[in-house]
Amino acid sequence: MLAELAAARADEMDADTVNRELSIARKAIGWWQRQGWIEHDPTIGIERRPAPPDRTKALAENQVAALWRLDVGLREKTQWKMLYESAARADEVLCLNVGDLYQADKRGRITAKGGATKWIHWQSGTAQLLPRLIARRACGPLFLTDRKAPAGTPTLDACPETGRARLSYRRAEELFEENTRLLANPLAPPEDIEDLDGWTLHRLRPSALTHDAEAGTSTPMLLARSRHASVRSLERYARPGVDAVARHVAGRDPAARRRR
């Protein structure tokens with residue numbers, strides 16, 4: 001019965017989702033076995049689904065430029081700029097505190113995967129926005145919610161000066177998706193936009209790395225920016241886009257060079 005359910009689920013969802021749910025089920029089963037509630041693992045024989053390679057597409061440079069023109073609040077402008085300019089992961093940036101920032105050096109201290117302390121670096125776009133976002137705050141989360149933190153919010157996730165809570169990944173993702181629906185679906189009628197999807201926050205990271213690669217950034221620098229340990233891990237991000245390939249081909253066209 002479980003095998004049939006898993007097969008039906010695989011017809012509806014992507015491989016990563018099915019594999020994650022199978023892993024969760026097996027962890028629960030292992031706990032039930034340790035309690036003595038069941039003897040055998042009923043998922044034995046159910047294979048994990050082969051996940052396709054990561055095909056996350058980078059946004060084109062003109063799409064990123066359109067993103068900066070959106071009429072959004074200062075918090076969103078700063079967050080999106082920092083994500084793109086630093087090529088950092090969204091959860092890392094959302095965990096930043098005011099005390100983690102070294103504004104004069106345009107860098108911030110983050111806790112990366114595995115608990116290691118790492119640094120992210122941004123450019124002038126973020127540097128110009130940060131002072132306005134922080135105002136006179138000296139501590140607390142960098143990105144805050146619009147409302148007061150509810151009772152029971154952990155001390156590290158609440159600003160002692162404003163009483164507001166740290167902005168969650170879920171809410172940050174919702175806001176980005178809602179604000180980018182028109183950009184993601186430029187040909188859709190306005191009345192259909194509410195039923196369509198915008199972009200995900202994660203797309204800013206591969207976009208930044210891809211644009212770096214297209215601009216000729218060296219592999220060692222791309223590794224440092226992405227904080228990946230191997231070139232193989234970097235390959236899925238640093239893929240030249242269609243526009244970059246077109247520019248490259250045009251630049252090698254003898255006729256085009258003669259016109260210049």
# chains A, B, ... in the order shown; residues from 1 in each chain; ligands from 1

call {"tool": "residues_around", "arguments": {"residues": "Ala112 (chain A)", "least_positions_apart": "6", "cutoff": "12 Å", "atoms": "only C-alpha atoms", "output": "VMD selection string"}}
result
chain A and resid 88 to 93 95 to 96 118 to 120 226 to 228

call {"tool": "write_last_selection", "arguments": {"atoms": "all heavy atoms", "output": "compact mmCIF listing (two decimals), in the first residue's frame"}}
result
# COMPACT_ATOMS: atom_id res chain seq x y z
N ALA A 88 24.82 35.86 -1.52
CA ALA A 88 24.64 35.05 -0.31
C ALA A 88 23.30 34.32 -0.37
O ALA A 88 22.40 34.67 -1.15
CB ALA A 88 24.70 35.93 0.93
N ARG A 89 23.16 33.33 0.47
CA ARG A 89 21.89 32.62 0.60
C ARG A 89 20.90 33.47 1.40
O ARG A 89 21.29 34.18 2.32
CB ARG A 89 22.10 31.27 1.28
CG ARG A 89 23.01 30.32 0.50
CD ARG A 89 23.26 29.03 1.25
NE ARG A 89 24.08 28.12 0.47
CZ ARG A 89 25.41 28.13 0.46
NH1 ARG A 89 26.07 29.01 1.20
NH2 ARG A 89 26.09 27.26 -0.29
N ALA A 90 19.64 33.35 1.06
CA ALA A 90 18.62 34.19 1.70
C ALA A 90 18.55 33.97 3.20
O ALA A 90 18.41 34.92 3.97
CB ALA A 90 17.26 33.93 1.05
N ASP A 91 18.65 32.71 3.64
CA ASP A 91 18.56 32.45 5.07
C ASP A 91 19.74 33.05 5.83
O ASP A 91 19.60 33.50 6.98
CB ASP A 91 18.43 30.95 5.36
CG ASP A 91 19.56 30.13 4.77
OD1 ASP A 91 20.28 30.64 3.90
OD2 ASP A 91 19.73 28.96 5.18
N GLU A 92 20.91 33.11 5.18
CA GLU A 92 22.07 33.72 5.82
C GLU A 92 21.88 35.22 6.02
O GLU A 92 22.18 35.77 7.09
CB GLU A 92 23.32 33.46 4.97
CG GLU A 92 23.70 32.00 4.86
CD GLU A 92 24.78 31.74 3.82
OE1 GLU A 92 25.00 32.61 2.95
OE2 GLU A 92 25.41 30.67 3.87
N VAL A 93 21.37 35.87 5.00
CA VAL A 93 21.16 37.32 5.08
C VAL A 93 20.07 37.67 6.08
O VAL A 93 20.19 38.64 6.84
CB VAL A 93 20.83 37.89 3.67
CG1 VAL A 93 20.26 39.29 3.77
CG2 VAL A 93 22.07 37.86 2.79
N CYS A 95 19.39 36.15 8.72
CA CYS A 95 19.88 35.92 10.08
C CYS A 95 20.88 36.99 10.54
O CYS A 95 21.34 36.95 11.68
CB CYS A 95 20.55 34.54 10.18
SG CYS A 95 19.37 33.17 10.20
N LEU A 96 21.20 37.94 9.68
CA LEU A 96 22.13 39.00 10.06
C LEU A 96 21.56 39.88 11.17
O LEU A 96 20.36 40.20 11.18
CB LEU A 96 22.45 39.88 8.86
CG LEU A 96 23.49 39.38 7.85
CD1 LEU A 96 23.49 40.27 6.62
CD2 LEU A 96 24.87 39.31 8.48
N LYS A 118 31.56 32.98 8.39
CA LYS A 118 32.02 33.41 7.07
C LYS A 118 31.69 34.88 6.88
O LYS A 118 31.01 35.50 7.70
CB LYS A 118 31.33 32.58 5.98
CG LYS A 118 31.58 31.08 6.06
CD LYS A 118 32.98 30.72 5.59
CE LYS A 118 33.16 29.20 5.55
NZ LYS A 118 34.50 28.81 5.07
N TRP A 119 32.17 35.43 5.77
CA TRP A 119 31.93 36.84 5.46
C TRP A 119 31.25 36.97 4.12
O TRP A 119 31.56 36.25 3.17
CB TRP A 119 33.25 37.62 5.44
CG TRP A 119 33.92 37.67 6.76
CD1 TRP A 119 34.85 36.78 7.25
CD2 TRP A 119 33.71 38.64 7.80
NE1 TRP A 119 35.23 37.15 8.52
CE2 TRP A 119 34.55 38.29 8.88
CE3 TRP A 119 32.91 39.78 7.91
CZ2 TRP A 119 34.60 39.04 10.06
CZ3 TRP A 119 32.96 40.52 9.08
CH2 TRP A 119 33.80 40.15 10.14
N ILE A 120 30.30 37.90 4.03
CA ILE A 120 29.72 38.26 2.75
C ILE A 120 30.09 39.72 2.46
O ILE A 120 30.29 40.51 3.39
CB ILE A 120 28.19 38.08 2.72
CG1 ILE A 120 27.51 39.00 3.76
CG2 ILE A 120 27.82 36.63 2.95
CD1 ILE A 120 25.99 39.02 3.65
N SER A 226 30.86 32.41 -3.83
CA SER A 226 29.78 31.45 -3.58
C SER A 226 30.00 30.65 -2.31
O SER A 226 29.07 30.06 -1.77
CB SER A 226 29.66 30.48 -4.75
OG SER A 226 30.83 29.67 -4.86
N ARG A 227 31.27 30.62 -1.86
CA ARG A 227 31.67 29.83 -0.71
C ARG A 227 31.43 28.33 -0.93
O ARG A 227 31.13 27.58 -0.01
CB ARG A 227 30.97 30.32 0.57
CG ARG A 227 31.53 31.64 1.06
CD ARG A 227 30.73 32.25 2.19
NE ARG A 227 29.51 32.87 1.69
CZ ARG A 227 28.30 32.43 1.94
NH1 ARG A 227 28.13 31.36 2.70
NH2 ARG A 227 27.23 33.04 1.47
N HIS A 228 31.59 27.91 -2.18
CA HIS A 228 31.57 26.49 -2.52
C HIS A 228 32.99 25.93 -2.41
O HIS A 228 33.97 26.66 -2.62
CB HIS A 228 31.05 26.26 -3.93
CG HIS A 228 29.55 26.30 -4.03
ND1 HIS A 228 28.73 25.46 -3.30
CD2 HIS A 228 28.72 27.09 -4.76
CE1 HIS A 228 27.47 25.72 -3.59
NE2 HIS A 228 27.43 26.70 -4.46

call {"tool": "select_by_dssp", "arguments": {"residues": "region 43-173 of chain A", "states": "strand (DSSP E)", "output": "list in words"}}
result
Leu101, Tyr102, Arg107, Gly108, Arg109, Ile110, Thr111, Thr117, Lys118, Trp119, Ile120, His121, Leu144, Thr145, Asp146, Arg147, Lys148, Arg164, Ala165 and Arg166 of chain A

call {"tool": "write_last_selection", "arguments": {"atoms": "C-alpha atoms", "output": "PDB file, in the first residue's frame"}}
result
ATOM      1  CA  LEU A 101      27.750  44.547   9.879  1.00  0.00           C
ATOM      2  CA  TYR A 102      31.024  46.288   9.075  1.00  0.00           C
ATOM      3  CA  ARG A 107      30.923  43.296   4.579  1.00  0.00           C
ATOM      4  CA  GLY A 108      28.997  41.279   7.133  1.00  0.00           C
ATOM      5  CA  ARG A 109      29.625  38.271   9.344  1.00  0.00           C
ATOM      6  CA  ILE A 110      27.325  35.301   8.800  1.00  0.00           C
ATOM      7  CA  THR A 111      26.972  31.778  10.124  1.00  0.00           C
ATOM      8  CA  THR A 117      31.711  31.919  10.559  1.00  0.00           C
ATOM      9  CA  LYS A 118      32.020  33.413   7.068  1.00  0.00           C
ATOM     10  CA  TRP A 119      31.928  36.840   5.463  1.00  0.00           C
ATOM     11  CA  ILE A 120      29.720  38.262   2.749  1.00  0.00           C
ATOM     12  CA  HIS A 121      30.621  41.396   0.789  1.00  0.00           C
ATOM     13  CA  LEU A 144      12.467  43.365  10.961  1.00  0.00           C
ATOM     14  CA  THR A 145       8.772  42.660  10.635  1.00  0.00           C
ATOM     15  CA  ASP A 146       6.276  45.516  10.438  1.00  0.00           C
ATOM     16  CA  ARG A 147       4.611  44.553  13.730  1.00  0.00           C
ATOM     17  CA  LYS A 148       5.653  44.008  17.300  1.00  0.00           C
ATOM     18  CA  ARG A 164       9.735  44.091  16.377  1.00  0.00           C
ATOM     19  CA  ALA A 165      10.694  40.549  15.337  1.00  0.00           C
ATOM     20  CA  ARG A 166      13.145  39.232  12.781  1.00  0.00           C
TER      21      ARG A 166
END

call {"tool": "residues_around", "arguments": {"residues": "Ala135 (chain A)", "least_positions_apart": "2", "cutoff": "12 Å", "atoms": "only C-alpha atoms", "output": "number ranges by chain"}}
result
A: 74-75, 98, 129-133, 137-139, 142, 161-162

call {"tool": "residues_around", "arguments": {"residues": "His40 (chain A)", "least_positions_apart": "5", "cutoff": "10 Å", "atoms": "only C-alpha atoms", "output": "list of chain:residue names"}}
result
A:Ile29, A:Gly30, A:Trp32, A:Gln33

call {"tool": "residues_around", "arguments": {"residues": "Pro186 (chain A)", "least_positions_apart": "5", "cutoff": "12 Å", "atoms": "only C-alpha atoms", "output": "PDB file with all heavy atoms, in the first residue's frame"}}
result
ATOM      1  N   GLN A  63      16.213  41.859 -16.439  1.00  0.00           N
ATOM      2  CA  GLN A  63      15.208  41.514 -15.431  1.00  0.00           C
ATOM      3  C   GLN A  63      15.631  42.006 -14.049  1.00  0.00           C
ATOM      4  O   GLN A  63      14.799  42.493 -13.276  1.00  0.00           O
ATOM      5  CB  GLN A  63      14.998  39.993 -15.404  1.00  0.00           C
ATOM      6  CG  GLN A  63      14.309  39.449 -16.635  1.00  0.00           C
ATOM      7  CD  GLN A  63      14.188  37.936 -16.611  1.00  0.00           C
ATOM      8  OE1 GLN A  63      15.180  37.214 -16.378  1.00  0.00           O
ATOM      9  NE2 GLN A  63      12.989  37.425 -16.833  1.00  0.00           N
ATOM     10  N   ALA A  66      15.011  45.650 -13.931  1.00  0.00           N
ATOM     11  CA  ALA A  66      13.584  45.925 -13.725  1.00  0.00           C
ATOM     12  C   ALA A  66      13.194  45.714 -12.269  1.00  0.00           C
ATOM     13  O   ALA A  66      12.315  46.415 -11.743  1.00  0.00           O
ATOM     14  CB  ALA A  66      12.743  45.024 -14.628  1.00  0.00           C
ATOM     15  N   THR A 180       7.039  40.276  -7.760  1.00  0.00           N
ATOM     16  CA  THR A 180       7.693  39.979  -9.043  1.00  0.00           C
ATOM     17  C   THR A 180       6.789  39.236 -10.019  1.00  0.00           C
ATOM     18  O   THR A 180       7.253  38.781 -11.049  1.00  0.00           O
ATOM     19  CB  THR A 180       8.976  39.148  -8.817  1.00  0.00           C
ATOM     20  OG1 THR A 180       8.661  37.936  -8.101  1.00  0.00           O
ATOM     21  CG2 THR A 180      10.007  39.947  -8.030  1.00  0.00           C
ATOM     22  N   ARG A 181       5.499  39.154  -9.716  1.00  0.00           N
ATOM     23  CA  ARG A 181       4.597  38.420 -10.612  1.00  0.00           C
ATOM     24  C   ARG A 181       4.510  39.069 -11.993  1.00  0.00           C
ATOM     25  O   ARG A 181       4.516  38.375 -13.015  1.00  0.00           O
ATOM     26  CB  ARG A 181       3.205  38.324  -9.987  1.00  0.00           C
ATOM     27  CG  ARG A 181       3.139  37.332  -8.832  1.00  0.00           C
ATOM     28  CD  ARG A 181       1.789  37.341  -8.143  1.00  0.00           C
ATOM     29  NE  ARG A 181       1.794  36.467  -6.979  1.00  0.00           N
ATOM     30  CZ  ARG A 181       0.795  36.402  -6.103  1.00  0.00           C
ATOM     31  NH1 ARG A 181      -0.273  37.162  -6.255  1.00  0.00           N
ATOM     32  NH2 ARG A 181       0.877  35.581  -5.068  1.00  0.00           N
ATOM     33  N   ASP A 192      -5.092  38.208 -14.556  1.00  0.00           N
ATOM     34  CA  ASP A 192      -4.635  36.841 -14.274  1.00  0.00           C
ATOM     35  C   ASP A 192      -3.430  36.792 -13.346  1.00  0.00           C
ATOM     36  O   ASP A 192      -3.008  35.704 -12.935  1.00  0.00           O
ATOM     37  CB  ASP A 192      -4.276  36.121 -15.584  1.00  0.00           C
ATOM     38  CG  ASP A 192      -5.488  35.892 -16.465  1.00  0.00           C
ATOM     39  OD1 ASP A 192      -6.615  35.940 -15.939  1.00  0.00           O
ATOM     40  OD2 ASP A 192      -5.293  35.685 -17.682  1.00  0.00           O
ATOM     41  N   ILE A 193      -2.850  37.944 -13.031  1.00  0.00           N
ATOM     42  CA  ILE A 193      -1.595  37.984 -12.278  1.00  0.00           C
ATOM     43  C   ILE A 193      -1.719  37.310 -10.922  1.00  0.00           C
ATOM     44  O   ILE A 193      -0.799  36.620 -10.464  1.00  0.00           O
ATOM     45  CB  ILE A 193      -1.110  39.443 -12.119  1.00  0.00           C
ATOM     46  CG1 ILE A 193      -0.594  39.957 -13.468  1.00  0.00           C
ATOM     47  CG2 ILE A 193      -0.013  39.545 -11.067  1.00  0.00           C
ATOM     48  CD1 ILE A 193       0.594  39.192 -14.011  1.00  0.00           C
ATOM     49  N   LEU A 196      -0.855  33.652 -10.926  1.00  0.00           N
ATOM     50  CA  LEU A 196       0.450  33.246 -11.445  1.00  0.00           C
ATOM     51  C   LEU A 196       1.528  33.406 -10.378  1.00  0.00           C
ATOM     52  O   LEU A 196       1.324  34.048  -9.358  1.00  0.00           O
ATOM     53  CB  LEU A 196       0.796  34.091 -12.676  1.00  0.00           C
ATOM     54  CG  LEU A 196      -0.172  33.963 -13.855  1.00  0.00           C
ATOM     55  CD1 LEU A 196       0.176  34.959 -14.951  1.00  0.00           C
ATOM     56  CD2 LEU A 196      -0.173  32.545 -14.417  1.00  0.00           C
ATOM     57  N   ASP A 197       2.673  32.785 -10.633  1.00  0.00           N
ATOM     58  CA  ASP A 197       3.772  32.815  -9.669  1.00  0.00           C
ATOM     59  C   ASP A 197       4.824  33.840 -10.071  1.00  0.00           C
ATOM     60  O   ASP A 197       5.110  34.024 -11.259  1.00  0.00           O
ATOM     61  CB  ASP A 197       4.446  31.436  -9.566  1.00  0.00           C
ATOM     62  CG  ASP A 197       3.516  30.393  -8.975  1.00  0.00           C
ATOM     63  OD1 ASP A 197       2.669  30.768  -8.144  1.00  0.00           O
ATOM     64  OD2 ASP A 197       3.639  29.214  -9.350  1.00  0.00           O
ATOM     65  N   GLY A 198       5.407  34.496  -9.071  1.00  0.00           N
ATOM     66  CA  GLY A 198       6.540  35.367  -9.307  1.00  0.00           C
ATOM     67  C   GLY A 198       7.834  34.596  -9.139  1.00  0.00           C
ATOM     68  O   GLY A 198       7.851  33.365  -9.151  1.00  0.00           O
TER      69      GLY A 198
END

call {"tool": "atom_distance", "arguments": {"atom1": "CA of Lys81 (chain A)", "atom2": "CA of Thr126 (chain A)"}}
result
5.6 Å

call {"tool": "closest_residue", "arguments": {"among": "A:Asp16, A:Asp212, A:Glu178, A:Glu173", "to": "Gln79 (chain A)", "atoms": "only C-alpha atoms"}}
result
A:Glu173
